[in-house]
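Okay, so here's the structure we're looking at.
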Amino acid sequence: MTKKVLIGNVEVGGGTSVKIQSMNNTDTRDAKATLEQIARLKDAGCDITRVAVPDMEAAEALKEISKDSPIPVVADIHFDYRLAIEAAKNGASKIRINPGNIGGPENIKAVVDVCKDRGIPIRVGVNSGSISREILSKYGEVNADAMTESALGAVKLLEDADFDNIVISIKSSSPKLTIDTYQVLSKACDYPLHVGVTEAGTVKEGVIKSAVGIGALLAMGIGDTIRVSLTGDPVEEVYAAKSILKALDLRDGGITFISCPTCGRTQVPLIELAGQIEERVSRLPYNLKVAVMGCVVNGPGEARGCDIGLAGGKDEFLLFEKGEPVRKIPAENAVEEFVKEVIRIGEAKN
Ligand code: SF4
């Protein structure tokens, strides 16, 4: 089991639940816009967010952001140790930095001292592009051993400064390399691991790569926090992360949507209707299992296992609630009526 660290008031590692992280794409210097986006991330289910701190103005804005944010805020720093110190002083709940690229041991010690004083963990963030030439020539390529050695080398710089309040991430845009690397890393240390596939792509491609990379690791019990990295609204990252956790029974809550692939038995326009229903219900704040099935062969059986479901007939659906058939709904009214029923059941249950 990994060690437990505290990021603000959120426990990470040590057998606690897997936490969802995202990263704001607002200008951190604009505290108002950043806080608005953080509120949306939290509503979607985000546990911890990260903001870029590229300059002192952004580090200064962290004062207001950290004070008013409903979830812990991590400061993402590159190269300049003074920004890390300022961010820590201004209320960041964690510092993400690569200690290998902030100058000598005295700079590392200066960052460590402030973080120790305030009980703030440091996430050592290493990615496949930041591996040193020495390690690359030793291994001849970027592989799991090279990535792990690079990360543990960076961790050692903190340990040498007598600091062990650490989370590690090592990221690659390859799901396969991500899976291989975290397997090696998780055997080599007991620090909590932040897992993600970096630069995964747009929503469609990125969700698949992340589900494969993060999902495979979580299924092996590896990963204490996760980020689905997408080119898009970061709120989509949180929904995707939740879906990955739900698929592995690692998180409840929200709508679990089931629909069949359709086949020659389908006599309702299921593809179109299921798409419309999913669009309308998938982000409702109810903990419900919802099924939209094409026919009576598998439909009622699957729908019965759900809080609410539809099973298609000839141009109509049979509505099931809590396992019991309730009534028939003509296909043309199915979306409106079903969405209303989902909300009614959700309100009653929650
Ligand atoms: S539920 Fe019915 S319509 Fe859907 S795939 Fe199965 S058999 Fe076909």
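A note on labels: chains of the structure tokens are A, B, ... as shown, every chain counts residues from 1, and ligands are counted from 1 in their shown order.
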| said: Excluding Met56 of chain A and its own-chain neighbours fewer than 4 positions away, which residues fall within 9 Å of it when counting only C-alpha atoms? Please give them as a ChimeraX atom specification. | reply: /A:60-61,82-83,86-87
| task | Name the residues, by chain letter and number, that sit within 6 Å of ligand 1 using only C-alpha atoms and all ligand atoms, and give them as a list in words. | result |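 Going residue by residue within 6 Å of ligand 1, we get Cys260, Pro261, Thr262, Cys263, Arg265, Thr266, Met293, Gly294, Cys295, Val297, Asn298 and Gly299 of chain A.
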Residue selection dump (N, CA and C atoms) as an mmCIF file, in the first residue's frame:
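For reference, out-v1.cif as written:
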data_model
loop_
_atom_site.group_PDB
_atom_site.id
_atom_site.type_symbol
_atom_site.label_atom_id
_atom_site.label_comp_id
_atom_site.auth_asym_id
_atom_site.auth_seq_id
_atom_site.Cartn_x
_atom_site.Cartn_y
_atom_site.Cartn_z
ATOM 1 N N CYS A 260 -28.326 -1.001 -25.515
ATOM 2 C CA CYS A 260 -27.885 -2.144 -26.313
ATOM 3 C C CYS A 260 -27.394 -1.676 -27.682
ATOM 4 N N PRO A 261 -26.649 -2.520 -28.387
ATOM 5 C CA PRO A 261 -26.067 -2.079 -29.667
ATOM 6 C C PRO A 261 -27.064 -2.077 -30.837
ATOM 7 N N THR A 262 -28.284 -2.518 -30.598
ATOM 8 C CA THR A 262 -29.337 -2.757 -31.608
ATOM 9 C C THR A 262 -28.967 -3.949 -32.498
ATOM 10 N N CYS A 263 -29.981 -4.530 -33.088
ATOM 11 C CA CYS A 263 -29.759 -5.644 -34.018
ATOM 12 C C CYS A 263 -31.010 -5.785 -34.885
ATOM 13 N N ARG A 265 -33.593 -7.277 -34.482
ATOM 14 C CA ARG A 265 -34.880 -7.344 -33.773
ATOM 15 C C ARG A 265 -35.420 -5.964 -33.408
ATOM 16 N N THR A 266 -34.572 -4.953 -33.525
ATOM 17 C CA THR A 266 -34.963 -3.619 -33.059
ATOM 18 C C THR A 266 -36.069 -3.034 -33.943
ATOM 19 N N MET A 293 -33.076 -0.161 -23.910
ATOM 20 C CA MET A 293 -32.828 -1.394 -24.657
ATOM 21 C C MET A 293 -33.760 -1.493 -25.860
ATOM 22 N N GLY A 294 -33.295 -2.229 -26.864
ATOM 23 C CA GLY A 294 -34.011 -2.225 -28.130
ATOM 24 C C GLY A 294 -35.201 -3.151 -28.222
ATOM 25 N N CYS A 295 -35.211 -4.233 -27.439
ATOM 26 C CA CYS A 295 -36.289 -5.185 -27.653
ATOM 27 C C CYS A 295 -36.602 -5.972 -26.400
ATOM 28 N N VAL A 297 -36.183 -9.174 -26.000
ATOM 29 C CA VAL A 297 -35.368 -10.366 -25.780
ATOM 30 C C VAL A 297 -34.451 -10.164 -24.571
ATOM 31 N N ASN A 298 -33.585 -9.140 -24.650
ATOM 32 C CA ASN A 298 -32.723 -8.831 -23.517
ATOM 33 C C ASN A 298 -33.219 -7.601 -22.773
ATOM 34 N N GLY A 299 -34.039 -6.844 -23.426
ATOM 35 C CA GLY A 299 -34.454 -5.552 -22.888
ATOM 36 C C GLY A 299 -35.035 -5.609 -21.493
#
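Among the candidates A:Asp68, A:Glu332, A:Asp252, A:Glu236, the one nearest to Glu272 of chain A when counting only C-alpha atoms is A:Glu332.
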| request: Would you kindly return, as a VMD selection string, each protein, DNA or RNA residue with an atom no farther than 8 Å from any atom of Gly91 of chain A, considering only C-alpha atoms and excluding same-chain residues fewer than 2 positions away? | output: chain A and resid 62 to 63 66 to 67 87 to 89 93
| query | Between A:Asp76, A:Asp27, A:Asp180, A:Asp190, which has the minimum distance to Thr49 of chain A (counting only C-alpha atoms)? | reply |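 Distance minimum relative to Thr49 of chain A lands on A:Asp76.
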| query | DSSP on the backbone: what in segment 190-329 of chain A comes out strand (DSSP E), as JSON, numbers by chain? | reply | {"A": [194, 195, 225, 226, 227, 255, 256, 257, 258, 259, 288, 289, 290, 291, 292, 293, 308, 309, 310, 311, 312, 316, 317, 318, 319, 320, 321, 324, 325, 326, 327, 328, 329]}
| task | Go through A:Lys314, A:Arg283, A:Lys349, A:Arg344 one by one, measure the shortest atom-to-atom distance of each to Leu270 of chain A using only C-alpha atoms, and give the residue with the smallest value. | result |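 When distances to Leu270 of chain A are compared using only C-alpha atoms, the smallest one comes from A:Lys314.
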| message | Between atom CA of Ser128 of chain A and atom CA of Lys171 of chain A, what distance in Å does the model show, to one decimal? | response |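 Here the two named atoms are 6.3 Å from each other.
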